[in-house]
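Here is data-v1.txt, consisting of compact mmCIF, C-alpha atoms:
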```
# COMPACT_ATOMS: atom_id res chain seq x y z
CA MET A 1 0.00 0.00 0.00
CA THR A 2 1.37 3.42 -0.95
CA VAL A 3 1.48 6.41 1.34
CA GLY A 4 -1.53 8.72 1.03
CA VAL A 5 -1.44 12.44 0.29
CA GLY A 6 -1.38 14.43 3.51
CA GLU A 7 0.15 11.57 5.49
CA PRO A 8 3.63 11.75 7.00
CA ALA A 9 6.27 10.52 4.57
CA PRO A 10 8.06 7.34 5.59
CA VAL A 11 11.29 7.71 7.50
CA PHE A 12 14.20 6.37 5.47
CA ALA A 13 17.98 6.26 5.44
CA THR A 14 20.21 5.19 2.58
CA ARG A 15 23.23 6.35 0.57
CA ASN A 16 23.67 8.21 -2.67
CA GLN A 17 25.96 7.26 -5.55
CA HIS A 18 28.94 8.74 -3.67
CA GLY A 19 28.31 6.80 -0.46
CA GLU A 20 26.97 9.84 1.41
CA SER A 21 24.12 9.32 3.87
CA VAL A 22 20.79 10.60 2.61
CA GLY A 23 17.52 10.26 4.43
CA THR A 24 14.90 12.01 6.45
CA ALA A 25 17.45 12.92 9.16
CA GLU A 26 19.67 14.75 6.64
CA LEU A 27 16.75 16.28 4.73
CA GLY A 28 15.03 17.80 7.76
CA GLU A 29 12.29 20.13 6.52
CA THR A 30 13.71 20.42 3.00
CA PRO A 31 11.02 19.66 0.42
CA TYR A 32 12.02 16.80 -1.85
CA LEU A 33 10.96 14.89 -4.93
CA LEU A 34 11.70 11.17 -4.68
CA VAL A 35 11.49 9.28 -7.97
CA PHE A 36 11.57 5.48 -7.79
CA PHE A 37 12.72 3.68 -10.93
CA PRO A 38 13.14 -0.05 -11.65
CA TYR A 39 16.64 -0.37 -13.14
CA ALA A 40 19.62 1.76 -14.13
CA PHE A 41 20.70 1.75 -17.77
CA THR A 42 17.26 0.90 -19.17
CA GLY A 43 15.38 2.83 -21.83
CA ILE A 44 12.36 4.18 -19.97
CA CYS A 45 14.31 4.87 -16.77
CA SER A 46 17.07 6.72 -18.62
CA SER A 47 14.61 8.84 -20.59
CA GLU A 48 12.57 9.77 -17.50
CA LEU A 49 15.64 10.75 -15.50
CA THR A 50 17.00 12.74 -18.45
CA VAL A 51 13.80 14.83 -18.38
CA LEU A 52 14.25 15.26 -14.64
CA GLN A 53 17.82 16.48 -15.24
CA SER A 54 16.52 19.04 -17.75
CA GLN A 55 14.16 20.38 -15.05
CA LEU A 56 16.73 20.49 -12.27
CA ALA A 57 17.14 24.28 -12.26
CA ASP A 58 13.36 24.69 -11.98
CA TRP A 59 13.18 22.31 -9.03
CA ARG A 60 16.06 24.10 -7.32
CA GLU A 61 14.33 27.43 -7.86
CA LEU A 62 11.35 26.01 -5.97
CA GLY A 63 13.70 24.87 -3.20
CA VAL A 64 13.00 21.16 -3.83
CA ARG A 65 15.76 18.56 -3.61
CA VAL A 66 15.51 16.01 -6.41
CA MET A 67 16.49 12.39 -5.80
CA ALA A 68 15.94 9.18 -7.74
CA ILE A 69 16.15 5.72 -6.22
CA SER A 70 16.32 2.10 -7.33
CA CYS A 71 17.45 -1.21 -5.87
CA ASP A 72 20.66 -1.03 -7.89
CA ALA A 73 23.94 -0.99 -5.94
CA MET A 74 25.67 2.29 -5.06
CA PHE A 75 28.46 1.67 -7.59
CA THR A 76 25.94 1.02 -10.36
CA GLN A 77 24.20 4.28 -9.46
CA ARG A 78 27.51 6.14 -9.61
CA VAL A 79 28.38 4.90 -13.11
CA PHE A 80 24.79 5.51 -14.28
CA ALA A 81 24.84 9.11 -12.99
CA GLU A 82 28.25 9.80 -14.51
CA ARG A 83 27.43 8.27 -17.88
CA GLU A 84 24.07 10.05 -18.17
CA GLY A 85 25.25 13.36 -16.65
CA PHE A 86 22.70 13.42 -13.82
CA GLY A 87 23.28 16.29 -11.38
CA PHE A 88 20.99 14.97 -8.67
CA ASP A 89 21.36 12.17 -6.15
CA LEU A 90 20.79 8.59 -7.25
CA LEU A 91 20.00 6.67 -4.09
CA THR A 92 20.51 2.98 -3.54
CA ASP A 93 17.90 0.68 -2.02
CA HIS A 94 20.15 -2.31 -2.55
CA TRP A 95 20.55 -3.32 1.09
CA PRO A 96 18.45 -4.01 2.97
CA HIS A 97 17.00 -4.85 -0.42
CA GLY A 98 13.89 -2.81 -1.23
CA GLU A 99 13.43 -1.37 2.25
CA VAL A 100 12.83 2.22 1.13
CA CYS A 101 10.69 1.11 -1.82
CA GLY A 102 8.63 -1.01 0.55
CA ALA A 103 8.15 1.87 2.97
CA PHE A 104 6.67 3.95 0.14
CA GLY A 105 4.63 0.99 -1.14
CA VAL A 106 6.35 0.68 -4.50
CA PHE A 107 8.43 -2.51 -4.16
CA ASP A 108 7.64 -5.30 -6.62
CA ARG A 109 8.60 -8.39 -4.61
CA THR A 110 8.31 -10.71 -7.61
CA ARG A 111 10.85 -8.76 -9.67
CA GLY A 112 12.91 -7.43 -6.76
CA CYS A 113 12.73 -3.83 -7.95
CA ALA A 114 10.75 -0.63 -7.61
CA VAL A 115 7.75 0.24 -9.72
CA ARG A 116 7.58 3.80 -11.04
CA GLY A 117 6.62 5.83 -7.99
CA THR A 118 6.97 9.61 -7.76
CA PHE A 119 6.54 11.37 -4.41
CA LEU A 120 6.66 15.08 -3.59
CA VAL A 121 7.25 15.62 0.12
CA VAL A 122 6.79 19.01 1.77
CA ALA A 123 7.22 19.66 5.49
CA GLY A 124 7.57 15.93 6.09
CA HIS A 125 4.20 15.08 4.54
CA LEU A 126 3.28 13.65 1.19
CA ALA A 127 2.01 16.53 -0.95
CA TRP A 128 1.53 14.63 -4.23
CA SER A 129 2.23 11.18 -5.64
CA GLN A 130 1.89 9.07 -8.74
CA VAL A 131 2.53 5.34 -9.13
CA ARG A 132 2.89 3.58 -12.48
CA ALA A 133 3.69 0.02 -13.49
CA ILE A 134 7.25 -0.93 -14.42
CA GLY A 135 6.65 -0.73 -18.18
CA GLU A 136 4.44 2.36 -18.06
CA HIS A 137 6.22 5.60 -18.97
CA ARG A 138 5.61 8.59 -16.66
CA ASP A 139 5.13 12.13 -17.87
CA MET A 140 7.93 13.68 -15.83
CA SER A 141 6.62 17.19 -16.43
CA THR A 142 3.55 16.45 -14.30
CA PRO A 143 5.17 16.72 -10.83
CA LEU A 144 6.76 20.07 -11.70
CA GLU A 145 3.49 21.38 -13.13
CA VAL A 146 1.63 20.28 -9.99
CA ALA A 147 4.21 21.94 -7.73
CA ARG A 148 4.02 25.21 -9.65
CA ARG A 149 0.23 25.22 -10.06
CA THR A 150 -0.62 24.49 -6.47
CA GLU A 151 2.35 26.29 -4.97
CA LEU A 152 3.03 23.27 -2.77
CA THR A 153 6.44 24.50 -1.71
CA ARG A 154 5.53 28.09 -0.82
CA GLY A 155 6.33 29.06 2.72
CA VAL A 156 8.54 26.07 3.39
```

What would the structure in this file look like if it were written as structure tokens?
Amino acid sequence: MTVGVGEPAPVFATRNQHGESVGTAELGETPYLLVFFPYAFTGICSSELTVLQSQLADWRELGVRVMAISCDAMFTQRVFAEREGFGFDLLTDHWPHGEVCGAFGVFDRTRGCAVRGTFLVVAGHLAWSQVRAIGEHRDMSTPLEVARRTELTRGV
């Protein structure tokens, strides 16, 4: 079951592609966009994260930290970020395997990976979310449009 809008976001702790700790403790009250993706180096995932990279300045202007996460290992995330030129954190949910995905309700236990979940968290609460199947492409402009239209991050 996924987290509902208005509910507190799950507490999580993991590492980014550089081995740095990233989680609710480090984020504090910083608004963040957390984008779950199934696998690094795959067509849909690469294209979605490339769109996210093209929006990065807009997200930063809104004061939102952008992060993407999969069950791939930290070293895989590092090479993926470097090869694709991603300027945002790629988080690992490799071990304990799928723990963060499971907390957000987007872990596919049969395949051992995340489905396509997108979560906007403001002031520690879920402000907006969208969950899609593994093979279903997301329109990555939607979260940014929602944030701008509803001014979700104002006053944070």

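The smallest atom-to-atom distance between Leu62 (chain A) and any of A:Leu33, A:Met140, A:Ala13, A:Ala133, using all atoms listed in the file, is found for A:Leu33.
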
(request) Extract, using all atoms listed in the file, all DNA, RNA and protein residues at most 6 Å from region 14-17 of chain A, discarding same-chain residues fewer than 5 positions from it, and format them as a list of chain:residue names. (result)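 Near neighbours after the sequence-gap exclusion: A:Val22, A:Met74, A:Gln77, A:Arg78, A:Asp89, A:Leu90, A:Leu91, A:Thr92.
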
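Nearest-residue note for Phe41 (chain A): choosing from A:Asp139, A:Glu145, A:Asp72, A:Glu99, the minimum distance belongs to A:Asp72, counting all atoms listed in the file.
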
(request) State, in Å with one decimal place, the distance from CA of Val121 (chain A) to CA of Leu144 (chain A). (result) 12.6 Å

(request) Pick out the closest residue to Ala114 (chain A) from this set: A:Met67, A:Ala9, A:Val35, A:Ala81. Count only C-alpha atoms. (result)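 Looking only at the distances to Ala114 (chain A), the closest residue turns out to be A:Val35.
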
(message) For a quick check of understanding, using all atoms listed in the file, which of A:Phe88, A:Phe104, A:Trp128, A:Trp95 has the smallest distance to Trp59 (chain A)?
(response) A:Phe88

(request) Find, counting only C-alpha atoms, the residue in A:Val106, A:Gly19, A:Asp58, A:Ser46 that gets nearest to Ala73 (chain A). (result) A:Gly19

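Put simply, CA of Cys71 (chain A) is 6.1 Å away from CA of Gly98 (chain A).
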
(request) Work out how far CA of Thr110 (chain A) is from CA of Glu84 (chain A), in Å to one decimal. (result) 28.1 Å

(request) Name the residues in contact with Gly117 (chain A) at a cut-off of 10 Å, using all atoms listed in the file, excluding same-chain residues fewer than 6 positions from it; report them as a PyMOL selection string. (result) chain A and resi 2+34-38+68-69+101+104-107+129-134+138

(message) With distances taken over all atoms listed in the file, which residue among A:Ser70, A:Arg111, A:Glu29, A:Gly23 lies nearest Asp93 (chain A)?
(response) A:Ser70

(message) With 8 Å as the threshold, what does the neighbourhood of (5.2, 18.3, 2.0) contain in terms of residues, counting all atoms listed in the file? Coordinates are those of the file; answer as a list in words.
(response)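 Using all atoms listed in the file, the matching residues come out as Gly6, Pro31, Tyr32, Leu120, Val121, Val122, Ala123, Gly124, His125, Leu126, Ala127, Leu152 and Thr153 of chain A.
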